[in-house]
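Asks: Here you go, this is coords_13.cif (mmCIF, C-alpha atoms).
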data_work
loop_
_atom_site.label_atom_id
_atom_site.label_comp_id
_atom_site.auth_asym_id
_atom_site.auth_seq_id
_atom_site.Cartn_x
_atom_site.Cartn_y
_atom_site.Cartn_z
CA MET A 746 -20.43 130.52 269.28
CA PRO A 747 -16.65 130.78 269.01
CA VAL A 748 -14.93 128.15 266.87
CA PRO A 749 -12.84 125.77 269.04
CA VAL A 750 -9.34 125.61 267.57
CA LEU A 751 -6.10 123.72 268.10
CA LEU A 752 -3.18 125.51 266.45
CA ASP A 753 -0.17 123.39 265.46
CA CYS A 754 2.76 125.55 264.40
CA ASP A 755 6.50 126.09 263.96
CA PRO A 756 7.02 129.77 264.89
CA GLY A 757 8.32 131.47 262.65
CA HIS A 758 7.35 135.10 262.14
CA ASP A 759 4.07 134.44 260.36
CA ASP A 760 3.11 131.69 262.83
CA VAL A 761 3.31 134.30 265.60
CA PHE A 762 0.69 136.38 263.82
CA ALA A 763 -1.46 133.27 263.42
CA ILE A 764 -1.24 132.71 267.18
CA TRP A 765 -2.14 136.33 267.82
CA LEU A 766 -5.10 136.22 265.43
CA ALA A 767 -6.42 133.07 267.11
CA ALA A 768 -5.89 134.51 270.59
CA GLY A 769 -7.15 138.00 269.83
CA ASN A 770 -10.34 137.29 267.88
CA GLU A 771 -13.49 136.60 269.88
CA GLN A 772 -14.76 134.22 267.21
CA ILE A 773 -11.97 131.75 268.07
CA ASP A 774 -11.75 129.61 271.21
CA LEU A 775 -8.04 128.71 271.24
CA ARG A 776 -7.81 125.39 273.09
CA GLY A 777 -4.04 124.93 272.75
CA VAL A 778 -0.88 125.58 270.77
CA THR A 779 1.33 122.67 269.74
CA THR A 780 4.74 122.94 268.13
CA VAL A 781 6.75 121.03 265.55
CA GLY A 782 10.22 121.31 264.09
CA GLY A 783 10.06 123.30 260.86
CA ASN A 784 11.04 126.93 260.54
CA GLY A 785 13.47 126.18 263.36
CA TYR A 786 14.50 123.31 265.56
CA LEU A 787 11.84 122.23 268.04
CA GLU A 788 13.56 123.94 270.97
CA HIS A 789 13.28 127.24 269.11
CA THR A 790 9.77 126.86 267.72
CA THR A 791 8.43 125.84 271.12
CA ARG A 792 10.09 128.73 272.92
CA ASN A 793 8.86 131.09 270.21
CA ALA A 794 5.27 129.95 270.71
CA GLN A 795 5.62 130.62 274.43
CA ILE A 796 7.11 134.05 273.64
CA ALA A 797 4.26 134.90 271.25
CA LEU A 798 1.70 134.29 273.99
CA THR A 799 3.85 136.02 276.62
CA VAL A 800 4.25 139.20 274.56
CA ALA A 801 0.51 139.27 273.87
CA GLY A 802 -0.39 138.78 277.53
CA VAL A 803 -2.27 135.56 276.80
CA THR A 804 -2.57 133.12 279.68
CA GLY A 805 -4.45 129.87 280.07
CA VAL A 806 -3.63 128.51 276.60
CA PRO A 807 -1.54 125.32 276.91
CA VAL A 808 1.62 124.94 274.82
CA ALA A 809 2.90 121.42 274.08
CA ALA A 810 6.02 120.45 272.13
CA GLY A 811 5.76 117.76 269.48
CA ALA A 812 7.83 116.12 266.77
CA ASP A 813 11.40 117.34 266.43
CA LYS A 814 11.92 115.88 262.96
CA PRO A 815 9.89 114.67 259.98
CA LEU A 816 8.49 111.14 259.73
CA ARG A 817 11.28 109.81 257.48
CA ARG A 818 13.63 112.67 256.76
CA GLU A 819 16.08 114.94 258.51
CA LEU A 820 14.91 118.41 259.50
CA THR A 821 16.26 121.35 257.52
CA PRO A 822 15.11 124.54 259.30
CA GLY A 823 14.19 127.62 257.29
CA ALA A 824 16.98 129.77 258.70
CA TRP A 825 17.43 131.64 255.41
CA ILE A 826 14.04 133.27 256.00
CA HIS A 827 13.49 133.13 259.77
CA GLY A 828 17.01 133.37 261.20
CA ASP A 829 18.92 130.90 263.35
CA ASN A 830 16.40 131.03 266.21
CA ALA A 831 13.40 131.01 263.82
CA LEU A 832 12.36 134.44 265.10
CA GLY A 833 15.07 136.82 263.97
CA GLY A 834 14.79 140.56 264.46
CA PRO A 835 13.55 141.57 267.91
CA VAL A 836 15.25 140.89 271.20
CA LEU A 837 13.29 137.92 272.52
CA PRO A 838 11.98 138.13 276.08
CA GLU A 839 12.02 135.23 278.49
CA PRO A 840 8.67 133.45 278.17
CA THR A 841 6.42 133.27 281.20
CA VAL A 842 3.89 130.90 279.60
CA PRO A 843 4.59 127.38 280.89
CA LEU A 844 5.12 124.29 278.77
CA ASP A 845 2.62 121.45 279.07
CA PRO A 846 4.50 118.24 279.97
CA ARG A 847 2.61 116.12 277.43
CA HIS A 848 3.91 115.40 273.95
CA ALA A 849 1.95 117.47 271.45
CA VAL A 850 0.41 114.39 269.81
CA ASP A 851 -0.85 113.11 273.17
CA PHE A 852 -2.11 116.61 274.04
CA LEU A 853 -3.97 116.90 270.74
CA ALA A 854 -5.58 113.48 271.16
CA GLU A 855 -6.62 114.08 274.76
CA THR A 856 -8.04 117.51 273.95
CA LEU A 857 -9.99 116.19 270.96
CA ASN A 858 -11.35 113.22 272.89
CA ALA A 859 -12.38 115.38 275.84
CA SER A 860 -14.19 117.99 273.76
CA ALA A 861 -17.98 118.00 273.67
CA GLU A 862 -17.86 119.51 270.18
CA PRO A 863 -15.68 118.97 267.11
CA ILE A 864 -12.50 121.05 266.98
CA THR A 865 -10.93 122.78 264.00
CA VAL A 866 -7.23 121.87 263.71
CA ILE A 867 -5.05 124.54 262.12
CA PRO A 868 -1.50 123.47 261.22
CA THR A 869 0.81 126.23 259.98
CA GLY A 870 3.97 124.15 259.70
CA PRO A 871 4.99 120.68 258.55
CA LEU A 872 2.20 118.16 259.11
CA THR A 873 4.27 115.75 261.21
CA ASN A 874 2.25 116.09 264.43
CA ILE A 875 -1.05 115.77 262.59
CA ALA A 876 0.05 112.67 260.69
CA LEU A 877 1.25 111.09 263.95
CA LEU A 878 -2.07 111.96 265.57
CA LEU A 879 -3.99 110.21 262.79
CA GLN A 880 -1.72 107.17 262.97
CA GLN A 881 -1.54 106.81 266.75
CA TYR A 882 -4.99 108.05 267.78
CA PRO A 883 -7.40 107.38 264.89
CA GLU A 884 -10.37 107.63 267.27
CA ALA A 885 -9.47 111.25 268.04
CA ALA A 886 -9.82 112.11 264.36
CA ARG A 887 -13.56 111.62 264.68
CA ASN A 888 -13.70 114.85 266.66
CA ILE A 889 -11.77 116.94 264.12
CA LYS A 890 -14.27 119.25 262.44
CA GLU A 891 -11.79 120.21 259.73
CA ILE A 892 -8.11 120.84 259.06
CA ILE A 893 -7.03 124.20 257.65
CA TRP A 894 -3.37 123.91 256.64
CA MET A 895 -0.94 126.54 255.48
CA GLY A 896 1.20 124.72 252.98
CA GLY A 897 1.58 123.68 249.39
CA SER A 898 0.93 125.66 246.25
CA THR A 899 -1.06 125.39 243.04
CA GLY A 900 1.98 126.64 241.13
CA ARG A 901 5.36 127.93 242.17
CA GLY A 902 7.26 126.74 245.22
CA ASN A 903 9.65 128.44 247.61
CA VAL A 904 12.05 125.51 248.09
CA GLY A 905 13.16 124.76 244.57
CA ALA A 906 10.83 125.25 241.64
CA TYR A 907 7.78 123.38 242.90
CA PRO A 908 7.65 122.45 246.62
CA GLU A 909 6.46 124.83 249.32
CA PHE A 910 8.48 124.68 252.55
CA ASN A 911 5.89 123.09 254.89
CA ALA A 912 5.11 120.35 252.38
CA TRP A 913 8.77 119.87 251.46
CA ALA A 914 9.81 119.57 255.12
CA ASP A 915 7.68 116.44 255.59
CA PRO A 916 5.96 115.27 252.40
CA GLU A 917 5.25 111.83 253.87
CA ALA A 918 3.24 113.47 256.66
CA ALA A 919 1.36 115.61 254.16
CA ALA A 920 0.50 112.48 252.17
CA VAL A 921 -0.97 110.87 255.30
CA VAL A 922 -3.14 113.89 256.04
CA PHE A 923 -4.39 114.34 252.47
CA ALA A 924 -5.32 110.64 252.33
CA SER A 925 -7.21 110.79 255.65
CA GLY A 926 -10.61 111.68 254.25
CA LEU A 927 -10.99 114.50 256.77
CA PRO A 928 -12.36 117.87 255.65
CA LEU A 929 -9.24 119.76 254.58
CA THR A 930 -8.52 123.25 253.29
CA MET A 931 -5.12 123.99 251.76
CA VAL A 932 -3.83 127.55 252.05
CA GLY A 933 -0.91 127.62 249.65
CA LEU A 934 1.58 130.11 248.31
CA ASN A 935 -0.83 131.00 245.52
CA ILE A 936 -3.08 132.77 248.04
CA SER A 937 -0.57 133.68 250.73
CA HIS A 938 1.43 135.76 248.23
CA GLN A 939 -1.61 138.02 248.10
CA ALA A 940 -1.13 138.94 251.80
CA LEU A 941 1.84 141.23 251.25
CA ILE A 942 3.48 143.19 254.06
CA THR A 943 3.30 146.63 252.50
CA GLU A 944 4.59 149.74 254.24
CA GLU A 945 0.96 150.75 254.75
CA VAL A 946 0.36 147.48 256.60
CA VAL A 947 3.43 147.98 258.80
CA GLN A 948 2.40 151.52 259.69
CA ARG A 949 -1.14 150.39 260.43
CA ILE A 950 0.12 147.73 262.85
CA ALA A 951 2.52 150.22 264.43
CA ALA A 952 -0.34 152.69 264.98
CA VAL A 953 -2.07 150.19 267.28
CA GLY A 954 0.52 151.29 269.81
CA ASN A 955 0.57 148.36 272.22
CA ARG A 956 3.37 145.94 273.13
CA THR A 957 2.17 143.27 270.72
CA ALA A 958 2.15 145.76 267.85
CA ALA A 959 5.68 147.00 268.59
CA PHE A 960 7.02 143.44 268.67
CA GLY A 961 5.03 142.62 265.56
CA VAL A 962 6.49 145.50 263.58
CA GLU A 963 10.00 144.22 264.31
CA LEU A 964 8.94 140.78 263.10
CA LEU A 965 7.43 142.18 259.91
CA ARG A 966 10.51 144.28 259.12
CA PHE A 967 12.86 141.31 259.51
CA PHE A 968 10.56 138.98 257.58
CA SER A 969 10.24 141.34 254.62
CA ALA A 970 13.99 141.95 254.56
CA SER A 971 14.55 138.20 254.46
CA TYR A 972 12.16 137.80 251.55
CA ASP A 973 13.76 140.69 249.71
CA ARG A 974 17.17 139.09 250.10
CA ALA A 975 16.10 135.48 249.37
CA GLU A 976 13.37 135.91 246.75
CA GLY A 977 13.50 139.49 245.57
CA MET A 978 10.23 140.33 247.35
CA PRO A 979 10.62 143.55 249.35
CA GLU A 980 7.04 143.16 250.57
CA GLY A 981 7.07 139.68 252.09
CA PRO A 982 3.95 137.49 252.32
CA LEU A 983 2.39 136.81 255.74
CA HIS A 984 1.29 133.25 255.00
CA ASP A 985 0.07 131.60 258.18
CA PRO A 986 -2.66 133.88 259.60
CA ILE A 987 -4.79 133.27 256.51
CA THR A 988 -5.67 129.86 257.95
CA VAL A 989 -7.09 131.42 261.10
CA ALA A 990 -8.86 134.11 259.09
CA ILE A 991 -10.65 131.38 257.14
CA ALA A 992 -11.72 129.73 260.40
CA ILE A 993 -13.14 133.06 261.51
CA ASP A 994 -14.88 133.91 258.23
CA ARG A 995 -14.78 131.57 255.23
CA ALA A 996 -15.77 134.48 253.00
CA VAL A 997 -12.25 135.90 253.40
CA ALA A 998 -11.10 133.43 250.72
CA THR A 999 -12.53 131.76 247.66
CA VAL A 1000 -11.94 128.02 247.41
CA GLN A 1001 -12.14 125.30 244.79
CA ARG A 1002 -12.73 121.63 245.55
CA CYS A 1003 -9.92 119.55 244.00
CA HIS A 1004 -7.94 116.35 244.20
CA VAL A 1005 -4.41 116.80 245.56
CA ASP A 1006 -1.56 114.31 245.42
CA ILE A 1007 1.64 114.83 247.42
CA GLU A 1008 4.89 114.06 245.61
CA THR A 1009 7.19 112.11 247.93
CA ALA A 1010 9.77 110.60 245.57
CA GLY A 1011 10.68 113.16 242.94
CA GLU A 1012 14.31 114.22 242.67
CA PHE A 1013 13.32 117.84 242.03
CA THR A 1014 9.70 117.80 243.17
CA ALA A 1015 9.53 116.00 246.54
CA GLY A 1016 7.01 117.95 248.58
CA ALA A 1017 5.16 119.33 245.57
CA THR A 1018 1.39 119.52 246.02
CA CYS A 1019 -0.07 118.31 242.72
CA VAL A 1020 -3.39 120.16 242.62
CA ASP A 1021 -5.73 118.97 239.87
CA LEU A 1022 -7.45 122.30 239.29
CA HIS A 1023 -8.98 121.21 235.98
CA ASP A 1024 -10.02 117.65 236.96
CA MET A 1025 -7.64 116.11 234.48
CA LEU A 1026 -7.31 112.93 236.55
CA GLY A 1027 -10.97 112.34 237.37
CA LYS A 1028 -10.10 111.49 240.98
CA GLU A 1029 -12.33 112.18 243.97
CA PRO A 1030 -11.58 115.65 245.41
CA ASN A 1031 -9.89 115.53 248.81
CA ALA A 1032 -9.34 119.20 249.64
CA ASP A 1033 -10.67 122.71 249.29
CA ILE A 1034 -7.96 124.85 247.71
CA ALA A 1035 -7.90 128.50 248.77
CA LEU A 1036 -7.44 130.62 245.66
CA THR A 1037 -8.11 134.31 246.23
CA LEU A 1038 -7.95 136.45 249.36
CA ASP A 1039 -10.08 139.40 250.42
CA VAL A 1040 -6.96 141.36 251.30
CA PRO A 1041 -8.60 144.31 253.13
CA ALA A 1042 -10.76 141.97 255.22
CA PHE A 1043 -7.70 139.86 256.09
CA TRP A 1044 -5.63 142.80 257.31
CA ASN A 1045 -8.63 144.15 259.24
CA LEU A 1046 -8.80 140.86 261.15
CA VAL A 1047 -5.06 140.86 261.86
CA THR A 1048 -4.98 144.49 263.00
CA ASP A 1049 -8.05 144.15 265.19
CA ALA A 1050 -6.58 141.06 266.86
CA VAL A 1051 -3.29 142.81 267.60
CA ALA A 1052 -5.25 145.71 269.08
CA ALA A 1053 -7.16 143.33 271.36
CA LEU A 1054 -3.96 141.97 272.91
CA ALA A 1055 -1.52 143.44 275.41
#
Please render this file's structure as structure tokens.
Replies:
Amino acid sequence: MPVPVLLDCDPGHDDVFAIWLAAGNEQIDLRGVTTVGGNGYLEHTTRNAQIALTVAGVTGVPVAAGADKPLRRELTPGAWIHGDNALGGPVLPEPTVPLDPRHAVDFLAETLNASAEPITVIPTGPLTNIALLLQQYPEAARNIKEIIWMGGSTGRGNVGAYPEFNAWADPEAAAVVFASGLPLTMVGLNISHQALITEEVVQRIAAVGNRTAAFGVELLRFFSASYDRAEGMPEGPLHDPITVAIAIDRAVATVQRCHVDIETAGEFTAGATCVDLHDMLGKEPNADIALTLDVPAFWNLVTDAVAALA
């Protein structure tokens, strides 16, 4: 049976591919897409989610807009990577996918409560909406099968030395989610930097030959150019779809059960995910940490999903 999924995102080039993987793989039953301020302001990330579904010819998947800023901080969009509209590169079409009138947190709660089976929640941006869901609708959490989050890192960061962007954007929200006791998998930079956008990958996507592929190639080119300029990585990492790939097939990644603390107060480290890989603290583990990626299997899933779309 397909895995029921709610995808909470801040599109963002790599979020678009996460949406496409969820929509284009028959093992996923995509129940809705919710948006949060992160890679761009909420108006941009919401429109970009609608555009991602429009380009791919996906209908019948609700899109609901959520939190426009972190729980306690001001939003700083990732324009240096994603551009001013969070989806730099291609000319963006007008979306035809409508916007659900509900706030994303209300939509998530109502969808979870109405489901006859537990739902996997996949956040690929800051965890603001998910933290608000847990705070405002704790009963809905009982129907979350697991959370698979793209964020954090076991080592290096990409906003300063230690924090990863999604954790740095709202560390207080991340702390709420990691303290929730829910089954949680963290997909951090340590694994996402294994999913590199090589020229072979770009050509393979291009060879699919449909509208989604053509749009996707423009996204990949811009994204890699941004990483080359900002971090000296000419082959940028496609972070977010790894979460969906794990929901499809857990064998695509190896994981280690660990305790994770979220730094919320450090002058240089706010947003750092402190992953106790060697059990130095003796604390109860609260997350599975994705460590290594089956790279060929991952790109097979992404390419096949793109080919299944418009």
Asks: CA of Glu963 in chain A and CA of Pro835 in chain A, how far apart in Å?
Replies: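 We find that CA of Pro835 in chain A and CA of Glu963 in chain A lie 5.7 Å from each other.
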Asks: Calculated over only C-alpha atoms, which of the candidates A:Ala914, A:Ile936, A:Ile773, A:Ala854 has the smallest distance to Ala992 in chain A?
Replies: A:Ile773
Asks: Evaluated on this file, the PyMOL selection byres ((chain A and resi 802-810) around 8) picks out some residues - which ones are they, written as a ChimeraX atom specification?
Replies: /A:768,775-781,787,791,794-795,798-801,811-812,842-849,852,1054-1055
Asks: Env of Val1047 in chain A: 10 Å cut, atoms = only C-alpha atoms, seq-sep filter 2 positions within chain, self excluded. Answer as a PyMOL selection string.
Replies: chain A and resi 762-763+765-767+769-770+950+986-987+989-990+1042-1045+1049-1052
Asks: Hey, what's within 12 Å of His758 in chain A if we count all atoms listed in the file and toss same-chain stuff fewer than 3 positions away? As a PyMOL selection string, please?
Replies: chain A and resi 754-755+761-765+784-785+790+793-794+796-797+823-824+826-828+830-835+869-870+960-969+971-972+981-986
Asks: Where atoms are absent from range 755-766 of chain A, fill them in so it carries all heavy atoms, then output it as a compact mmCIF listing (two decimals), in the frame of the given file.
Replies:
# COMPACT_ATOMS: atom_id res chain seq x y z
N ASP A 755 5.04 126.14 263.86
CA ASP A 755 6.50 126.09 263.96
C ASP A 755 7.07 127.51 263.97
O ASP A 755 7.83 127.88 263.08
CB ASP A 755 7.09 125.25 262.82
CG ASP A 755 6.79 125.83 261.44
OD1 ASP A 755 5.79 126.59 261.30
OD2 ASP A 755 7.55 125.54 260.48
N PRO A 756 6.69 128.33 264.93
CA PRO A 756 7.02 129.77 264.89
C PRO A 756 8.52 130.04 264.79
O PRO A 756 9.28 129.57 265.61
CB PRO A 756 6.50 130.28 266.25
CG PRO A 756 5.52 129.26 266.71
CD PRO A 756 5.96 127.96 266.14
N GLY A 757 8.98 130.87 263.82
CA GLY A 757 8.32 131.47 262.65
C GLY A 757 7.51 132.74 262.85
O GLY A 757 6.61 132.83 263.64
N HIS A 758 7.94 133.78 262.05
CA HIS A 758 7.35 135.10 262.14
C HIS A 758 5.86 135.08 261.84
O HIS A 758 5.05 135.66 262.58
CB HIS A 758 8.07 136.07 261.19
CG HIS A 758 9.51 136.26 261.50
ND1 HIS A 758 10.44 135.24 261.37
CD2 HIS A 758 10.21 137.34 261.95
CE1 HIS A 758 11.63 135.68 261.72
NE2 HIS A 758 11.53 136.95 262.08
N ASP A 759 5.48 134.43 260.74
CA ASP A 759 4.07 134.44 260.36
C ASP A 759 3.24 133.56 261.27
O ASP A 759 2.06 133.85 261.50
CB ASP A 759 3.89 134.05 258.89
CG ASP A 759 4.68 132.82 258.47
OD1 ASP A 759 5.66 132.47 259.15
OD2 ASP A 759 4.32 132.21 257.44
N ASP A 760 3.84 132.51 261.84
CA ASP A 760 3.11 131.69 262.83
C ASP A 760 2.73 132.52 264.05
O ASP A 760 1.67 132.32 264.65
CB ASP A 760 3.96 130.52 263.31
CG ASP A 760 4.47 129.64 262.19
OD1 ASP A 760 5.45 130.04 261.54
OD2 ASP A 760 3.91 128.56 261.98
N VAL A 761 3.61 133.45 264.45
CA VAL A 761 3.31 134.30 265.60
C VAL A 761 2.04 135.09 265.34
O VAL A 761 1.16 135.20 266.21
CB VAL A 761 4.49 135.23 265.92
CG1 VAL A 761 4.09 136.29 266.93
CG2 VAL A 761 5.68 134.42 266.44
N PHE A 762 1.91 135.62 264.13
CA PHE A 762 0.69 136.38 263.82
C PHE A 762 -0.53 135.46 263.76
O PHE A 762 -1.64 135.89 264.08
CB PHE A 762 0.87 137.16 262.51
CG PHE A 762 1.57 138.47 262.70
CD1 PHE A 762 2.95 138.55 262.67
CD2 PHE A 762 0.85 139.64 262.93
CE1 PHE A 762 3.61 139.75 262.86
CE2 PHE A 762 1.48 140.86 263.12
CZ PHE A 762 2.87 140.91 263.08
N ALA A 763 -0.34 134.22 263.37
CA ALA A 763 -1.46 133.27 263.42
C ALA A 763 -1.89 133.02 264.86
O ALA A 763 -3.10 132.96 265.16
CB ALA A 763 -1.06 131.95 262.74
N ILE A 764 -0.92 132.87 265.75
CA ILE A 764 -1.24 132.71 267.18
C ILE A 764 -1.99 133.93 267.68
O ILE A 764 -3.01 133.82 268.39
CB ILE A 764 0.05 132.48 267.99
CG1 ILE A 764 0.66 131.11 267.66
CG2 ILE A 764 -0.23 132.58 269.50
CD1 ILE A 764 2.04 130.90 268.25
N TRP A 765 -1.50 135.10 267.35
CA TRP A 765 -2.14 136.33 267.82
C TRP A 765 -3.56 136.47 267.27
O TRP A 765 -4.46 136.91 267.98
CB TRP A 765 -1.31 137.54 267.42
CG TRP A 765 -0.03 137.69 268.20
CD1 TRP A 765 0.31 137.03 269.36
CD2 TRP A 765 1.07 138.53 267.88
NE1 TRP A 765 1.57 137.42 269.77
CE2 TRP A 765 2.06 138.34 268.89
CE3 TRP A 765 1.34 139.42 266.84
CZ2 TRP A 765 3.28 139.02 268.88
CZ3 TRP A 765 2.55 140.11 266.83
CH2 TRP A 765 3.50 139.91 267.84
N LEU A 766 -3.76 136.12 266.00
CA LEU A 766 -5.10 136.22 265.43
C LEU A 766 -6.05 135.25 266.13
O LEU A 766 -7.20 135.60 266.43
CB LEU A 766 -5.05 135.96 263.93
CG LEU A 766 -6.37 136.05 263.17
CD1 LEU A 766 -7.10 137.37 263.44
CD2 LEU A 766 -6.14 135.87 261.66
